[in-house]
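Novice: I have a structure here, written as structure tokens, and I will follow up with some questions on it.
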Amino acid sequence: MTEPAAASDARTWPAWLDGSLLKLLAMRESLPHALLLRGHRGIGKGWLADRFAQSLLCEAPGPDGSACQRCDACGWYASGNHPDFRRVSPLTEEEGGSRSERARREIKVDQIRALAGFVGIGAHRAGHKLVLIEPAESMNAIAANALLKTLEEPAGDTVFLLVCGNAGALPATVRSRCVPFTVASPPPAQALAWLRQALPGEESMLAQWLALADGAPLRALAFADPAAASAYRLVVLAGDQIPENSVLKTAEGFATTPPTLWVPFLQSWIGDLGRVSAGAAPVRFPAQAPRLRTLGRLTSLPRIGEMAGWLNRQTPILEHPLNARLFAEEVWLRYESMFAAA
Ligand SMILES: [Zn+2]
């Protein structure tokens, strides 16, 4: 479940990004060599970076510095052909990424090294050259190191825009070379309003998906995907039925659902179970609070912590479990054992 790409998504521009965009545009005359756009995952940082990049390359910007959407440069940018712009993201299947590379969703060192020619020559047009790296935390260690070398050398008129939803995952050496810019998260009412226009007819689920996404609307959007929504319902159903009903029957429902879809929901569920057991309110499954409280009385924080830890350690095999049915059975048997009599 990734954020929808800005270019392929015509949904309404999120109003909560306006303030951040204006602040960025105000930096236009004194741009740093490298800018780190950081903020929560799923709040539209990619859209913001895109709009900002287009504005910087636009050759007839408006009074506030925003892109005109009409000049040649804006046209080239929109069609992905601006000669002074490079986008670096994990390789897609079409771009020749191998299966394991795609699974890891890494930006590889070759992609960073390939920038050398671009950085080394002058701009084709009169303005800046831009490199947009998104998500920056998906650079593997070698790629990050190669970027560091590039950032340490004077690169003339090249500006690096790094977009990052987990700044802690970016090497401190790279972070320290960038000027940080924090992208503001939307207020809850604005997030819900935006989600409402993006997902007409799904009103009953919007608040739930937003809660699951920690209030990040673009992440919530991914939960509305039919496969994700079905995995969500399976987990809620299992949470309702276990330990009272047969685990194996419940596990059957998961045999044909990729673990990458349902395990994150279970992790969120177990996280809420931990919160409830510690006397707090659930944050990801607020509508299931009564059920979570019932379950919380049947287990203990150490048992919940053990289950959560075990589940986290399964992350590497989620993409390709040897046997999806056996994996589901093991998960739900372990889940059930949390509630067994001590
Ligand atoms: Zn323009």
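By order of appearance in the structure tokens: chains A, B, ..., then residues from 1 within every chain, and ligands from 1 in the order shown.
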I need the residues in segment 42-176 of chain A that are strand (DSSP E or B) according to DSSP; give them as a list in words.
Specialist: Phe85, Arg86, Arg87, Val88, Ile107, Lys129, Leu130, Val131, Leu132, Ile133, Met139, Thr158, Val159, Phe160, Leu161, Leu162, Val163 and Cys164 of chain A
Novice: At a cut-off of 7 Å and counting only C-alpha atoms and all ligand atoms, what residues surround ligand 1? Please answer as a ChimeraX atom specification.
Specialist: /A:55,58-61,67-74
Novice: Leaving out Ile107 of chain A and any residue of its chain fewer than 3 positions from it, which residues lie within 10 Å of it when counting only C-alpha atoms, given as a PyMOL selection string?
Specialist: chain A and resi 88-91+101-102+104+110-112+133-144
Novice: Can you list, as number ranges by chain, every protein, DNA or RNA residue that comes within 12 Å of Gly44 of chain A when you count only C-alpha atoms, leaving out same-chain residues fewer than 3 positions away?
Specialist: A: 2-6, 9, 11-18, 20-21, 37-41, 47-51, 134-135, 163-165, 183-186, 191, 194, 216-221
Novice: From a DSSP calculation on the backbone, collect every residue of segment 188-234 of chain A in alpha helix (DSSP H) and output the set as an MDAnalysis selection string.
Specialist: chainID A and resid 188:198 203:212 217:223 226:234
Novice: Print the selection's residues with C-alpha atoms to a file, as a compact mmCIF listing (two decimals), in the first residue's frame.
Specialist:
# COMPACT_ATOMS: atom_id res chain seq x y z
CA PRO A 188 -8.69 15.88 11.29
CA ALA A 189 -11.72 17.72 9.86
CA GLN A 190 -9.80 18.72 6.73
CA ALA A 191 -8.45 15.20 6.32
CA LEU A 192 -11.95 13.75 6.54
CA ALA A 193 -13.39 16.32 4.13
CA TRP A 194 -10.72 15.55 1.55
CA LEU A 195 -11.23 11.80 1.93
CA ARG A 196 -14.98 12.29 1.49
CA GLN A 197 -14.53 13.85 -1.96
CA ALA A 198 -11.91 11.28 -2.92
CA GLU A 203 -18.94 7.50 4.13
CA SER A 204 -19.42 4.75 6.71
CA MET A 205 -15.80 3.63 6.47
CA LEU A 206 -13.96 6.94 6.16
CA ALA A 207 -13.39 7.62 9.85
CA GLN A 208 -12.24 4.04 10.38
CA TRP A 209 -9.73 4.19 7.52
CA LEU A 210 -8.45 7.54 8.68
CA ALA A 211 -7.94 6.13 12.19
CA LEU A 212 -6.05 3.16 10.74
CA PRO A 217 -5.52 10.87 4.18
CA LEU A 218 -3.44 9.39 1.36
CA ARG A 219 -2.69 6.31 3.40
CA ALA A 220 -6.39 6.06 4.23
CA LEU A 221 -7.08 6.12 0.50
CA ALA A 222 -5.04 2.94 0.08
CA PHE A 223 -7.26 1.13 2.60
CA PRO A 226 -11.11 -3.51 -2.56
CA ALA A 227 -8.38 -6.05 -1.73
CA ALA A 228 -7.19 -4.02 1.27
CA ALA A 229 -10.76 -3.40 2.45
CA SER A 230 -11.50 -7.11 2.25
CA ALA A 231 -8.33 -7.95 4.24
CA TYR A 232 -9.41 -5.36 6.82
CA ARG A 233 -12.83 -6.99 7.18
CA LEU A 234 -11.20 -10.42 7.59
Novice: Could you build a table of the residues in segment 232-300 of chain A lying no more than 6 Å from segment 311-331 of chain A, giving for each the nearest pair of atoms and their separation in Å rounded to one decimal place, using only C-alpha atoms, ordered by chain and ascending residue number, as a Markdown table?
Specialist:
| residue | atom | partner | partner_atom | distance |
| --- | --- | --- | --- | --- |
| A:Ala251 | CA | A:Glu329 | CA | 5.3 |
| A:Ala255 | CA | A:Arg325 | CA | 4.2 |
| A:Pro259 | CA | A:Leu318 | CA | 5.5 |
| A:Thr260 | CA | A:Leu318 | CA | 5.5 |
Novice: Restricting it to C-alpha atoms, dump the selection as an mmCIF file, in the first residue's frame.
Specialist:
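Written file, part11.cif:
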data_model
loop_
_atom_site.group_PDB
_atom_site.id
_atom_site.type_symbol
_atom_site.label_atom_id
_atom_site.label_comp_id
_atom_site.auth_asym_id
_atom_site.auth_seq_id
_atom_site.Cartn_x
_atom_site.Cartn_y
_atom_site.Cartn_z
ATOM 1 C CA ALA A 251 -7.423 -18.978 9.130
ATOM 2 C CA ALA A 255 -5.294 -18.560 2.799
ATOM 3 C CA PRO A 259 -0.065 -11.591 4.058
ATOM 4 C CA THR A 260 1.296 -8.170 2.997
#
Novice: Given the choices A:Gln241, A:Glu252, A:Arg293, A:Val236, which gets closest to Ser268 of chain A if the distance is worked out from only C-alpha atoms?
Specialist: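 Going through A:Gln241, A:Glu252, A:Arg293, A:Val236 one by one, the smallest distance to Ser268 of chain A is for A:Val236.
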Novice: Measure the distance from atom CA of Arg28 of chain A to atom CA of Phe52 of chain A in Å and round it to one decimal.
Specialist: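 Those two atoms sit 9.5 Å apart.
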Novice: Using only C-alpha atoms, pick whichever of A:Gly239, A:Ala116, A:Gly309, A:Trp332 has the shortest atom-to-atom distance to Gly296 of chain A.
Specialist: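 The closest residue to Gly296 of chain A is A:Gly239.
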